[in-house]
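**Q** This one is work.tsv, TSV, C-alpha atoms.
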chain	number	residue	atom	x	y	z
A	984	MET	CA	0.00	0.00	0.00
A	985	ARG	CA	2.69	2.41	1.12
A	986	HIS	CA	4.90	1.29	-1.60
A	987	THR	CA	2.26	1.91	-4.22
A	988	ALA	CA	1.54	5.35	-2.84
A	989	LYS	CA	5.19	6.22	-3.02
A	990	THR	CA	5.45	5.02	-6.57
A	991	ILE	CA	2.46	7.06	-7.54
A	992	SER	CA	3.74	10.19	-5.90
A	993	THR	CA	7.12	9.75	-7.55
A	994	ALA	CA	5.43	9.27	-10.85
A	995	THR	CA	3.39	12.40	-10.29
A	996	THR	CA	6.48	14.39	-9.42
A	997	VAL	CA	8.25	13.18	-12.50
A	998	ALA	CA	5.23	14.01	-14.62
A	999	ALA	CA	4.96	17.43	-13.04
A	1000	LEU	CA	8.65	17.99	-13.58
A	1001	LEU	CA	8.38	16.91	-17.18
A	1002	GLY	CA	5.39	19.18	-17.56
A	1003	THR	CA	7.34	22.24	-16.50
A	1004	LEU	CA	10.35	21.13	-18.45
A	1005	ALA	CA	8.34	20.86	-21.64
A	1006	PHE	CA	8.14	24.63	-21.68
A	1007	SER	CA	11.75	25.27	-20.90
A	1008	LEU	CA	13.58	22.32	-22.39
A	1009	PRO	CA	14.90	23.65	-25.69
A	1010	GLY	CA	14.72	20.25	-27.37
A	1011	ILE	CA	11.02	19.82	-26.84
A	1012	SER	CA	9.93	23.39	-27.62
A	1013	ILE	CA	11.87	23.33	-30.88
A	1014	ALA	CA	9.98	20.21	-31.88
A	1015	GLU	CA	6.68	21.97	-31.16
A	1016	ASP	CA	7.74	25.10	-33.04
A	1017	ALA	CA	8.95	23.05	-35.96
A	1018	SER	CA	5.58	21.44	-36.46
A	1019	ALA	CA	3.75	24.79	-36.09
A	1020	ILE	CA	6.15	26.29	-38.62
A	1021	ALA	CA	5.67	23.42	-41.05
A	1022	GLU	CA	1.89	23.64	-40.74
A	1023	GLY	CA	2.03	27.42	-41.00
A	1024	LYS	CA	3.94	27.11	-44.24
A	1025	LYS	CA	1.31	24.78	-45.67
A	1026	ILE	CA	-1.45	27.23	-44.73
A	1027	ALA	CA	0.48	30.18	-46.12
A	1028	PHE	CA	1.09	28.42	-49.45
A	1029	ASN	CA	-2.41	26.92	-49.78
A	1030	LYS	CA	-4.36	28.83	-52.45
A	1031	LYS	CA	-7.61	28.44	-50.54
A	1032	LYS	CA	-6.11	29.56	-47.21
A	1033	GLY	CA	-3.34	32.17	-46.93
A	1034	ASN	CA	-2.38	32.25	-50.60
A	1035	CYS	CA	0.40	34.62	-49.54
A	1036	LEU	CA	2.32	33.76	-52.71
A	1037	ALA	CA	-0.32	35.61	-54.72
A	1038	CYS	CA	1.39	38.79	-53.60
A	1039	HIS	CA	4.65	37.90	-51.82
A	1040	ASP	CA	7.83	36.14	-52.83
A	1041	ILE	CA	8.63	33.52	-50.19
A	1042	LYS	CA	11.55	31.10	-50.30
A	1043	GLY	CA	10.42	27.79	-51.79
A	1044	GLY	CA	7.23	29.18	-53.30
A	1045	LYS	CA	6.68	28.88	-57.04
A	1046	LEU	CA	5.51	31.72	-59.33
A	1047	PRO	CA	5.10	34.36	-56.63
A	1048	GLY	CA	3.33	37.64	-57.31
A	1049	ASN	CA	4.99	40.98	-56.63
A	1050	ILE	CA	2.19	43.16	-55.26
A	1051	GLY	CA	3.64	43.09	-51.73
A	1052	PRO	CA	7.26	43.08	-50.53
A	1053	ALA	CA	9.24	39.83	-50.57
A	1054	LEU	CA	8.88	38.08	-47.22
A	1055	SER	CA	12.12	36.13	-47.39
A	1056	ILE	CA	15.07	38.32	-48.18
A	1057	GLU	CA	18.66	36.98	-48.02
A	1058	GLY	CA	20.35	38.36	-44.93
A	1059	VAL	CA	17.26	40.08	-43.51
A	1060	ALA	CA	15.49	38.01	-40.87
A	1061	MET	CA	11.80	38.60	-40.26
A	1062	LYS	CA	12.70	38.83	-36.55
A	1063	ASP	CA	14.65	41.98	-37.40
A	1064	ARG	CA	11.86	43.42	-39.54
A	1065	PHE	CA	9.36	42.68	-36.78
A	1066	PRO	CA	11.21	42.61	-33.45
A	1067	ASP	CA	7.78	42.63	-31.81
A	1068	LYS	CA	6.02	39.42	-32.84
A	1069	SER	CA	2.62	40.84	-31.90
A	1070	LYS	CA	3.09	43.53	-34.56
A	1071	LEU	CA	3.67	40.81	-37.15
A	1072	ARG	CA	0.52	39.07	-35.97
A	1073	ALA	CA	-1.41	42.35	-36.21
A	1074	GLN	CA	-0.17	42.86	-39.79
A	1075	ILE	CA	-1.55	39.47	-40.80
A	1076	PHE	CA	-4.66	39.59	-38.60
A	1077	ASP	CA	-5.76	42.94	-40.02
A	1078	SER	CA	-3.36	44.63	-42.41
A	1079	ARG	CA	-5.60	47.72	-42.36
A	1080	SER	CA	-4.24	48.61	-38.93
A	1081	ALA	CA	-0.98	49.67	-40.61
A	1082	ASN	CA	-2.42	50.86	-43.96
A	1083	PRO	CA	-6.19	51.48	-44.11
A	1084	ASN	CA	-6.24	51.26	-47.91
A	1085	THR	CA	-4.08	48.15	-48.23
A	1086	ILE	CA	-4.84	45.47	-50.81
A	1087	MET	CA	-3.69	42.77	-48.34
A	1088	PRO	CA	-6.73	40.83	-47.06
A	1089	PRO	CA	-7.56	41.09	-43.32
A	1090	PHE	CA	-6.96	37.40	-42.65
A	1091	GLY	CA	-8.07	37.40	-39.01
A	1092	ALA	CA	-10.63	40.19	-38.99
A	1093	HIS	CA	-12.50	38.66	-41.93
A	1094	GLU	CA	-12.04	35.10	-40.67
A	1095	ILE	CA	-10.22	33.98	-43.77
A	1096	LEU	CA	-8.00	32.06	-41.34
A	1097	SER	CA	-8.99	30.75	-37.92
A	1098	ASP	CA	-7.07	31.94	-34.86
A	1099	ALA	CA	-5.18	28.66	-34.70
A	1100	GLU	CA	-4.28	28.84	-38.40
A	1101	LEU	CA	-3.21	32.45	-38.08
A	1102	ASP	CA	-0.94	31.62	-35.13
A	1103	LYS	CA	0.80	28.95	-37.18
A	1104	VAL	CA	1.25	31.30	-40.14
A	1105	VAL	CA	2.77	33.86	-37.77
A	1106	GLU	CA	5.20	31.23	-36.46
A	1107	TYR	CA	6.19	30.34	-40.00
A	1108	ILE	CA	6.61	33.92	-41.23
A	1109	TYR	CA	8.54	34.77	-38.06
A	1110	SER	CA	10.97	31.97	-38.87
A	1111	LEU	CA	11.88	33.44	-42.25
B	309	MET	CA	-31.02	86.02	-51.16
B	310	LYS	CA	-27.49	86.59	-52.34
B	311	LYS	CA	-26.23	85.71	-48.93
B	312	VAL	CA	-28.03	82.37	-48.98
B	313	ALA	CA	-26.55	81.51	-52.34
B	314	VAL	CA	-23.06	82.28	-51.06
B	315	ILE	CA	-23.59	80.13	-48.00
B	316	VAL	CA	-24.97	77.28	-50.07
B	317	SER	CA	-22.09	77.35	-52.52
B	318	ALA	CA	-19.61	77.55	-49.65
B	319	LEU	CA	-21.26	74.51	-48.14
B	320	CYS	CA	-21.06	72.66	-51.43
B	321	MET	CA	-17.38	73.41	-51.68
B	322	LEU	CA	-16.93	71.98	-48.23
B	323	ILE	CA	-19.01	68.90	-48.84
B	324	ALA	CA	-17.86	68.01	-52.34
B	325	PRO	CA	-14.26	67.17	-51.47
B	326	LEU	CA	-15.38	65.45	-48.29
B	327	ALA	CA	-17.70	63.18	-50.19
B	328	GLY	CA	-14.78	62.43	-52.50
B	329	ILE	CA	-17.06	62.29	-55.49
B	330	ALA	CA	-17.10	65.83	-56.75
B	331	ALA	CA	-19.16	64.73	-59.71
B	332	ASN	CA	-17.04	65.69	-62.65
B	333	PRO	CA	-16.78	62.85	-65.13
B	334	ASP	CA	-14.57	64.78	-67.57
B	335	GLN	CA	-12.04	65.51	-64.84
B	336	ASP	CA	-12.28	61.88	-63.66
B	337	LEU	CA	-11.49	60.70	-67.17
B	338	LYS	CA	-8.45	62.98	-67.44
B	339	ASN	CA	-7.06	61.82	-64.11
B	340	PHE	CA	-7.79	58.17	-64.87
B	341	ARG	CA	-6.07	58.30	-68.23
B	342	LYS	CA	-3.12	60.24	-66.85
B	343	HIS	CA	-2.57	57.64	-64.13
B	344	PHE	CA	-2.00	54.96	-66.77
B	345	THR	CA	-0.21	56.97	-69.43
B	346	GLU	CA	2.27	58.12	-66.77
B	347	LYS	CA	2.65	54.71	-65.17
B	348	PHE	CA	3.19	53.05	-68.55
B	349	SER	CA	4.83	55.92	-70.38
B	350	SER	CA	6.09	53.73	-73.22
B	351	VAL	CA	2.63	52.36	-74.07
B	352	PRO	CA	0.81	54.40	-76.75
B	353	LEU	CA	-2.69	55.42	-75.61
B	354	GLN	CA	-4.49	53.29	-78.20
B	355	ASP	CA	-2.52	50.20	-77.24
B	356	PHE	CA	-4.30	50.02	-73.88
B	357	THR	CA	-7.18	48.43	-75.80
B	358	ASN	CA	-5.05	45.27	-75.82
B	359	GLY	CA	-5.48	44.76	-72.10
B	360	VAL	CA	-2.74	42.91	-70.30
B	361	TYR	CA	-0.82	42.50	-73.57
B	362	SER	CA	-0.24	46.26	-73.67
B	363	VAL	CA	1.94	45.93	-70.57
B	364	ASP	CA	3.14	42.31	-70.81
B	365	LYS	CA	5.49	42.02	-73.73
B	366	ALA	CA	6.39	38.42	-72.84
B	367	SER	CA	2.97	36.97	-73.58
B	368	ARG	CA	2.12	39.39	-76.37
B	369	GLU	CA	3.72	37.37	-79.16
B	370	GLN	CA	1.78	34.24	-78.29
B	371	TRP	CA	-1.42	36.26	-78.18
B	372	GLU	CA	-0.70	37.86	-81.54
B	373	ALA	CA	-0.23	34.37	-82.99
B	374	PHE	CA	-3.73	33.51	-81.76
B	375	GLU	CA	-5.07	36.45	-83.72
B	376	ASP	CA	-3.89	34.78	-86.96
B	377	PHE	CA	-6.69	32.23	-86.57
B	378	PRO	CA	-8.98	33.94	-84.12
B	379	PRO	CA	-11.12	31.47	-82.15
B	380	TYR	CA	-13.92	34.05	-81.86
B	381	GLU	CA	-14.48	34.10	-85.62
B	382	ILE	CA	-17.02	31.29	-85.73
B	383	PHE	CA	-18.99	33.02	-82.98
B	384	VAL	CA	-18.99	36.31	-84.86
B	385	ASP	CA	-20.37	34.32	-87.80
B	386	LYS	CA	-23.05	32.78	-85.61
B	387	GLY	CA	-23.95	36.26	-84.40
B	388	ASN	CA	-24.20	37.43	-87.98
B	389	VAL	CA	-26.62	34.65	-88.83
B	390	LEU	CA	-28.73	35.37	-85.73
B	391	PHE	CA	-28.74	39.07	-86.44
B	392	ASN	CA	-30.12	38.60	-89.92
B	393	LYS	CA	-32.55	35.79	-89.17
B	394	ALA	CA	-36.18	36.89	-89.15
B	395	PHE	CA	-38.18	36.80	-85.92
B	396	LYS	CA	-41.57	35.04	-86.05
B	397	ASN	CA	-43.11	38.37	-87.02
B	398	GLY	CA	-40.81	38.66	-90.03
B	399	LYS	CA	-38.67	41.49	-88.71
B	400	THR	CA	-34.99	41.23	-87.79
B	401	TYR	CA	-32.69	42.89	-85.27
B	402	ALA	CA	-32.02	45.52	-87.90
B	403	SER	CA	-35.44	46.96	-87.12
B	404	CYS	CA	-34.08	47.91	-83.66
B	405	PHE	CA	-30.46	48.55	-84.68
B	406	PRO	CA	-30.62	50.11	-88.15
B	407	LYS	CA	-27.00	51.29	-88.02
B	408	ALA	CA	-25.49	48.11	-86.56
B	409	LYS	CA	-23.61	47.24	-89.75
B	410	LYS	CA	-21.80	50.57	-89.64
B	411	GLY	CA	-20.91	50.21	-85.97
B	412	ILE	CA	-22.86	51.16	-82.84
B	413	LYS	CA	-21.00	49.58	-79.93
B	414	GLN	CA	-19.02	52.79	-79.28
B	415	ASN	CA	-22.22	54.51	-78.13
B	416	TYR	CA	-23.08	51.94	-75.46
B	417	PRO	CA	-23.93	52.11	-72.67
B	418	PHE	CA	-26.00	55.29	-72.68
B	419	PHE	CA	-28.36	56.97	-70.29
B	420	ASP	CA	-31.95	56.83	-71.55
B	421	LYS	CA	-33.54	60.03	-70.29
B	422	LYS	CA	-37.10	58.89	-70.87
B	423	ARG	CA	-36.67	55.73	-68.84
B	424	GLY	CA	-34.23	57.18	-66.35
B	425	GLU	CA	-31.76	54.31	-66.64
B	426	VAL	CA	-28.60	53.13	-68.29
B	427	VAL	CA	-29.05	50.90	-71.33
B	428	THR	CA	-26.28	48.51	-72.35
B	429	LEU	CA	-26.03	46.80	-75.73
B	430	GLU	CA	-27.06	43.45	-74.26
B	431	LEU	CA	-30.08	44.97	-72.54
B	432	ALA	CA	-31.10	46.61	-75.82
B	433	ILE	CA	-30.76	43.27	-77.63
B	434	ASN	CA	-33.21	41.61	-75.24
B	435	GLU	CA	-35.58	44.55	-75.40
B	436	CYS	CA	-35.59	44.25	-79.17
B	437	ARG	CA	-36.54	40.59	-78.80
B	438	LYS	CA	-39.29	41.41	-76.36
B	439	LYS	CA	-40.67	44.09	-78.65
B	440	ASN	CA	-40.86	41.50	-81.40
B	441	GLY	CA	-42.50	38.82	-79.32
B	442	GLU	CA	-39.39	36.70	-78.74
B	443	LYS	CA	-38.16	35.23	-75.45
B	444	PRO	CA	-35.20	36.98	-73.81
B	445	LEU	CA	-31.69	35.48	-74.04
B	446	LYS	CA	-29.40	34.76	-71.10
B	447	TYR	CA	-26.98	37.61	-70.55
B	448	LYS	CA	-23.60	36.06	-69.87
B	449	LYS	CA	-22.85	33.73	-72.77
B	450	GLY	CA	-24.27	31.79	-75.70
B	451	LYS	CA	-26.43	33.53	-78.30
B	452	MET	CA	-26.32	36.85	-76.48
B	453	ALA	CA	-22.52	36.83	-76.53
B	454	HIS	CA	-22.56	35.85	-80.24
B	455	LEU	CA	-24.87	38.72	-81.19
B	456	SER	CA	-22.82	41.10	-79.09
B	457	ALA	CA	-19.62	39.79	-80.69
B	458	TYR	CA	-21.01	40.36	-84.17
B	459	ILE	CA	-22.05	43.93	-83.34
B	460	ALA	CA	-18.69	44.59	-81.66
B	461	TYR	CA	-16.90	43.28	-84.74
B	462	LYS	CA	-18.89	45.60	-87.00
B	463	SER	CA	-18.01	48.48	-84.66
B	464	ARG	CA	-14.26	47.99	-84.89
B	465	GLY	CA	-12.36	51.18	-85.55
B	466	HIS	CA	-14.87	53.54	-83.96
B	467	LYS	CA	-13.76	55.47	-80.93
B	468	GLY	CA	-15.49	55.00	-77.58
B	469	ASN	CA	-18.12	57.71	-77.29
B	470	VAL	CA	-20.09	57.19	-74.08
B	471	LYS	CA	-21.96	60.29	-72.99
B	472	ILE	CA	-22.53	61.18	-69.38
B	473	THR	CA	-25.32	63.71	-69.22
B	474	SER	CA	-25.14	66.01	-66.24
B	475	THR	CA	-28.68	65.39	-65.00
B	476	PRO	CA	-28.86	64.30	-61.37
B	477	GLU	CA	-30.37	60.99	-62.44
B	478	SER	CA	-27.60	59.98	-64.82
B	479	MET	CA	-24.98	61.27	-62.39
B	480	ALA	CA	-26.43	58.95	-59.77
B	481	TRP	CA	-25.80	55.99	-62.10
B	482	TYR	CA	-22.30	57.21	-62.84
B	483	ASP	CA	-21.48	57.72	-59.16
B	484	ARG	CA	-22.79	54.29	-58.22
B	485	GLY	CA	-20.53	52.74	-60.87
B	486	LYS	CA	-17.55	54.79	-59.75
B	487	LYS	CA	-18.11	53.77	-56.15
B	488	HIS	CA	-18.31	50.12	-57.14
B	489	PHE	CA	-14.98	50.42	-58.92
B	490	TYR	CA	-13.18	51.89	-55.92
B	491	ALA	CA	-15.02	50.12	-53.09
B	492	LYS	CA	-13.47	47.22	-51.20
B	493	ARG	CA	-15.66	44.16	-51.22
B	494	GLY	CA	-15.79	40.49	-50.42
B	495	GLN	CA	-14.14	38.48	-47.71
B	496	LEU	CA	-10.79	39.35	-49.27
B	497	ASN	CA	-11.67	43.05	-49.12
B	498	MET	CA	-10.39	44.19	-52.51
B	499	SER	CA	-11.63	46.73	-55.01
B	500	CYS	CA	-11.48	46.67	-58.79
B	501	ALA	CA	-9.10	49.60	-58.41
B	502	ASP	CA	-6.79	47.62	-56.10
B	503	CYS	CA	-6.06	45.19	-58.89
B	504	HIS	CA	-6.63	47.15	-62.12
B	505	TYR	CA	-5.67	50.70	-61.11
B	506	TYR	CA	-3.11	50.71	-58.29
B	507	ASN	CA	-1.53	47.37	-59.16
B	508	ALA	CA	-1.94	47.25	-62.94
B	509	GLY	CA	1.19	45.71	-64.42
B	510	ASN	CA	2.03	43.89	-61.18
B	511	LYS	CA	1.82	40.16	-60.79
B	512	ILE	CA	-0.83	38.43	-58.70
B	513	ARG	CA	0.72	35.00	-58.49
B	514	ALA	CA	1.59	34.29	-62.14
B	515	ASP	CA	-1.05	36.62	-63.64
B	516	ILE	CA	-0.17	40.13	-64.72
B	517	LEU	CA	-2.96	42.57	-63.89
B	518	SER	CA	-4.34	44.52	-66.83
B	519	PRO	CA	-4.85	48.29	-66.67
B	520	ALA	CA	-8.50	49.30	-66.36
B	521	LEU	CA	-7.94	51.83	-69.12
B	522	GLY	CA	-9.00	50.02	-72.29
B	523	HIS	CA	-10.73	47.20	-70.39
B	524	THR	CA	-14.05	47.57	-72.13
B	525	SER	CA	-12.99	48.16	-75.75
B	526	HIS	CA	-12.79	44.50	-76.78
B	527	PHE	CA	-15.83	42.94	-75.15
B	528	PRO	CA	-17.36	40.44	-75.47
B	529	VAL	CA	-14.30	38.31	-75.16
B	530	TYR	CA	-13.27	34.75	-76.02
B	531	ARG	CA	-11.44	33.16	-73.10
B	532	ASN	CA	-9.56	29.90	-73.18
B	533	LYS	CA	-10.73	29.31	-69.62
B	534	TRP	CA	-14.37	29.69	-70.62
B	535	SER	CA	-13.87	27.56	-73.70
B	536	LEU	CA	-12.46	24.73	-71.58
B	537	ALA	CA	-15.43	25.02	-69.22
B	538	SER	CA	-17.94	24.70	-72.06
B	539	ALA	CA	-19.00	21.36	-73.51
B	540	SER	CA	-19.07	22.83	-77.01
B	541	GLY	CA	-15.86	24.88	-76.57
B	542	ASP	CA	-17.77	28.15	-76.72
B	543	GLY	CA	-15.49	30.58	-74.89
B	544	MET	CA	-17.44	33.78	-75.55
B	545	GLY	CA	-18.59	35.83	-72.59
B	546	THR	CA	-19.98	39.29	-71.96
B	547	LEU	CA	-18.51	42.05	-69.80
B	548	HIS	CA	-20.92	41.26	-66.99
B	549	ARG	CA	-19.79	37.65	-66.99
B	550	ARG	CA	-16.28	38.96	-66.36
B	551	TYR	CA	-17.48	41.31	-63.63
B	552	GLY	CA	-19.07	38.36	-61.87
B	553	GLY	CA	-15.84	36.36	-62.12
B	554	CYS	CA	-13.76	39.19	-60.68
B	555	ASN	CA	-16.24	39.68	-57.84
B	556	LYS	CA	-16.08	35.96	-57.06
B	557	GLN	CA	-12.29	36.00	-56.95
B	558	VAL	CA	-12.45	38.22	-53.87
B	559	ARG	CA	-15.20	36.01	-52.41
B	560	ALA	CA	-17.89	38.61	-52.93
B	561	LYS	CA	-21.35	37.58	-54.05
B	562	PRO	CA	-21.58	38.63	-57.69
B	563	PHE	CA	-24.48	40.80	-58.83
B	564	LYS	CA	-26.80	39.61	-61.59
B	565	ALA	CA	-25.75	40.34	-65.15
B	566	GLN	CA	-27.56	43.53	-66.26
B	567	SER	CA	-28.43	44.42	-62.67
B	568	LYS	CA	-28.56	48.12	-61.90
B	569	GLU	CA	-25.25	47.68	-60.10
B	570	TYR	CA	-23.34	46.19	-63.07
B	571	ARG	CA	-24.94	48.56	-65.57
B	572	SER	CA	-23.73	51.43	-63.39
B	573	LEU	CA	-20.26	49.92	-63.23
B	574	GLU	CA	-20.23	49.50	-67.01
B	575	TYR	CA	-21.31	53.12	-67.44
B	576	PHE	CA	-18.37	54.41	-65.40
B	577	HIS	CA	-15.86	51.80	-66.59
B	578	THR	CA	-16.63	52.32	-70.29
B	579	PHE	CA	-16.70	56.11	-70.02
B	580	MET	CA	-13.14	55.96	-68.62
B	581	SER	CA	-12.02	54.45	-71.95
B	582	ASN	CA	-13.73	57.03	-74.15
B	583	GLY	CA	-11.61	57.91	-77.16
B	584	LEU	CA	-10.07	54.45	-77.32
B	585	THR	CA	-10.78	52.39	-80.41
B	586	MET	CA	-13.30	49.56	-80.42
B	587	ASN	CA	-11.49	46.26	-81.11
B	588	GLY	CA	-13.92	43.59	-80.01
B	589	PRO	CA	-14.24	40.75	-79.71
B	590	GLY	CA	-10.93	39.98	-78.03
B	591	ILE	CA	-9.04	36.85	-77.02
B	592	ARG	CA	-7.82	36.36	-73.48
B	593	LYS	CA	-6.55	33.60	-71.23
Go through the file and emit its structure as structure tokens.
**A**
Amino acid sequence: MRHTAKTISTATTVAALLGTLAFSLPGISIAEDASAIAEGKKIAFNKKKGNCLACHDIKGGKLPGNIGPALSIEGVAMKDRFPDKSKLRAQIFDSRSANPNTIMPPFGAHEILSDAELDKVVEYIYSL
Amino acid sequence: MKKVAVIVSALCMLIAPLAGIAANPDQDLKNFRKHFTEKFSSVPLQDFTNGVYSVDKASREQWEAFEDFPPYEIFVDKGNVLFNKAFKNGKTYASCFPKAKKGIKQNYPFFDKKRGEVVTLELAINECRKKNGEKPLKYKKGKMAHLSAYIAYKSRGHKGNVKITSTPESMAWYDRGKKHFYAKRGQLNMSCADCHYYNAGNKIRADILSPALGHTSHFPVYRNKWSLASASGDGMGTLHRRYGGCNKQVRAKPFKAQSKEYRSLEYFHTFMSNGLTMNGPGIRK
């Protein structure tokens, strides 16, 4: 009985420890990011979803349009263009916040992408 | 009395720029044309009638090769046959369009003062049928597009000559069309102007966007895309068919062909190309 209780409590501690570690352990968070980034890329490239290539050149995308600025530029990381990630999210959520007359669709405000999809696209674009 | 007039005119001066539609079609036309002739300074004015090919040299050669054996020709011929075939009452379309063989497309659309509305060529074709006891045709393709193509073909060489009368009624039609052109719409929130004014010449994915100047000169149009979608390979479509397609692209609900909304848009859109030479029907992707 005692023994079992001890085992359980140890197990719980380990689980709790692992739980906290999952947020801080670099190995695990990279794995999570990587899958969000990969999914974000798919959403961004999908014609029926982000269709970002209609207007933006992005590394790996075929036949990009040139209405908007290139999003992947050699030597210029998106992190440097948008040091504040929430500003990048705002640009994609509702581009009108920066330029009221923009041609870029308000992906969040008009529910072209769901919140979850938008978050993944932000992760992907931020990684460029 | 004088004082009132001064106040009223002062108010108008305040309101007009605020409303952004100081109703002056002639000035609008000048500004519109200037935007494109400055943006594409190497393109001669009349060349804008060639749509995207006026600004996309790369695909122009291929398009010119198409013109050697134009796929719209058989539809112009069909239109010719329809035009000259007698209705049940013995009359033909010529009874409604006596000058069609010399070219009339350049004068459409026009504001009919008596009726208080804008009349397009396609609307007039159906009204001619009605007057002669025939059933109306569908507006976007088929026989209507063939008749329109035949009349457009006969009108080649004439210069666009749409008249905007300055009555409040016709100005209301013009303003509605102008607003449609510049207004954002659809889930994607884009205006005609976003693509065909501000971004003309730019690429949206692999497509180069045509300038709105000259857009209307070559309609109806034969499109490869429409031909592929048709069981009989009939790729002819009217201007309002195209409007509907461009509205759908931005996930906006298209208006009905020949609705008040699209007739207004056509009124504005075609007036902007006044002075450009009729060259319909055209061939496009």
**Q** Please, which residues of chain A lie no more than 12 Å from chain B when the count uses all atoms listed in the file, and can they be set out as a VMD selection string?
**A** chain A and resid 1028 1030 to 1041 1044 to 1052 1077 to 1079 1083 to 1096
**Q** What's around Leu547 (chain B) at 12 Å? Count all atoms listed in the file, leave out sequence neighbours fewer than 4 positions away in its own chain, and write the answer as a short mmCIF file (atom, residue, chain, number, x, y, z; two decimals) with C-alpha atoms, keeping the file's coordinate frame.
**A**
data_model
loop_
_atom_site.label_atom_id
_atom_site.label_comp_id
_atom_site.auth_asym_id
_atom_site.auth_seq_id
_atom_site.Cartn_x
_atom_site.Cartn_y
_atom_site.Cartn_z
CA PRO B 417 -23.93 52.11 -72.67
CA THR B 428 -26.28 48.51 -72.35
CA LEU B 429 -26.03 46.80 -75.73
CA GLU B 430 -27.06 43.45 -74.26
CA TYR B 447 -26.98 37.61 -70.55
CA LYS B 448 -23.60 36.06 -69.87
CA LYS B 449 -22.85 33.73 -72.77
CA MET B 452 -26.32 36.85 -76.48
CA ALA B 453 -22.52 36.83 -76.53
CA SER B 456 -22.82 41.10 -79.09
CA ALA B 457 -19.62 39.79 -80.69
CA HIS B 523 -10.73 47.20 -70.39
CA THR B 524 -14.05 47.57 -72.13
CA SER B 525 -12.99 48.16 -75.75
CA HIS B 526 -12.79 44.50 -76.78
CA PHE B 527 -15.83 42.94 -75.15
CA PRO B 528 -17.36 40.44 -75.47
CA VAL B 529 -14.30 38.31 -75.16
CA TYR B 530 -13.27 34.75 -76.02
CA ARG B 531 -11.44 33.16 -73.10
CA TYR B 551 -17.48 41.31 -63.63
CA GLY B 552 -19.07 38.36 -61.87
CA GLY B 553 -15.84 36.36 -62.12
CA CYS B 554 -13.76 39.19 -60.68
CA LYS B 564 -26.80 39.61 -61.59
CA ALA B 565 -25.75 40.34 -65.15
CA GLN B 566 -27.56 43.53 -66.26
CA TYR B 570 -23.34 46.19 -63.07
CA ARG B 571 -24.94 48.56 -65.57
CA LEU B 573 -20.26 49.92 -63.23
CA GLU B 574 -20.23 49.50 -67.01
CA TYR B 575 -21.31 53.12 -67.44
CA HIS B 577 -15.86 51.80 -66.59
CA THR B 578 -16.63 52.32 -70.29
CA GLY B 588 -13.92 43.59 -80.01
CA PRO B 589 -14.24 40.75 -79.71
CA GLY B 590 -10.93 39.98 -78.03
#
**Q** To one decimal in Å, tell me the separation between CA of Lys471 (chain B) and CA of Lys421 (chain B).
**A**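 Interatomic distance, CA of Lys471 (chain B) to CA of Lys421 (chain B): 11.9 Å.
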**Q** Quote the spacing between CA of Ser349 (chain B) and CA of Leu584 (chain B) in Å to one decimal place.
**A** 16.5 Å
**Q** I'd like the contact shell of region 362-377 of chain B - 8 Å cut-off, only C-alpha atoms, skipping same-chain residues fewer than 6 positions apart - returned as number ranges by chain.
**A** B: 348, 351, 355-356, 509, 516, 518, 591-592
**Q** One decimal, Å: what's the distance from CA of Lys561 (chain B) over to CA of Tyr380 (chain B), could you say?
**A**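 Between these atoms lies a distance of 29.0 Å.
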**Q** Each side padded by 8 Å, which centre and which edge lengths in Å (one decimal) define the axis-aligned box around the listed atoms of region 1071-1076 of chain A? Give them as JSON.
**A**
{"center_x": -0.5, "center_y": 41.0, "center_z": -38.4, "size_x": 24.3, "size_y": 19.8, "size_z": 20.8}
**Q** Which is closer to Leu1101 (chain A) than all the others in A:Met1061, A:Ile1020, A:Leu1054, A:Ile1075, using all atoms listed in the file?
**A**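 Between A:Met1061, A:Ile1020, A:Leu1054, A:Ile1075, the residue approaching Leu1101 (chain A) most closely is A:Ile1075.
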**Q** Quick one: of B:Asn582, B:Phe563, B:His488, B:Lys451, who's nearest to Lys413 (chain B), counting all atoms listed in the file?
**A**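 That would be B:Asn582, the residue with the smallest distance to Lys413 (chain B).
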**Q** Tell me which residues come within 12 Å of (-1.4, 29.7, -34.8), as a PyMOL selection string, counting all atoms listed in the file in the file's coordinates.
**A** chain A and resi 1015-1016+1018-1024+1026-1027+1072+1075-1076+1091+1096-1109
**Q** Could you tell me which of B:Pro562, B:Gly468, B:Gly541, B:Gly359 comes closest to Phe418 (chain B) if we count all atoms listed in the file?
**A**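 For Phe418 (chain B), the nearest of the given residues is B:Gly468.
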**Q** Which of these, B:Phe419, B:Tyr458, B:Tyr505, B:Phe405, has the shortest distance to Phe340 (chain B) once you count only C-alpha atoms?
**A**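 Closest residue, counting only C-alpha atoms: B:Tyr505.
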**Q** Please work out which residues fall within 7 Å of (-13.4, 49.5, -88.4), coordinates as given in the file, with only C-alpha atoms counting, and return them as JSON, numbers by chain.
**A** {"B": [462, 463, 464, 465, 466]}
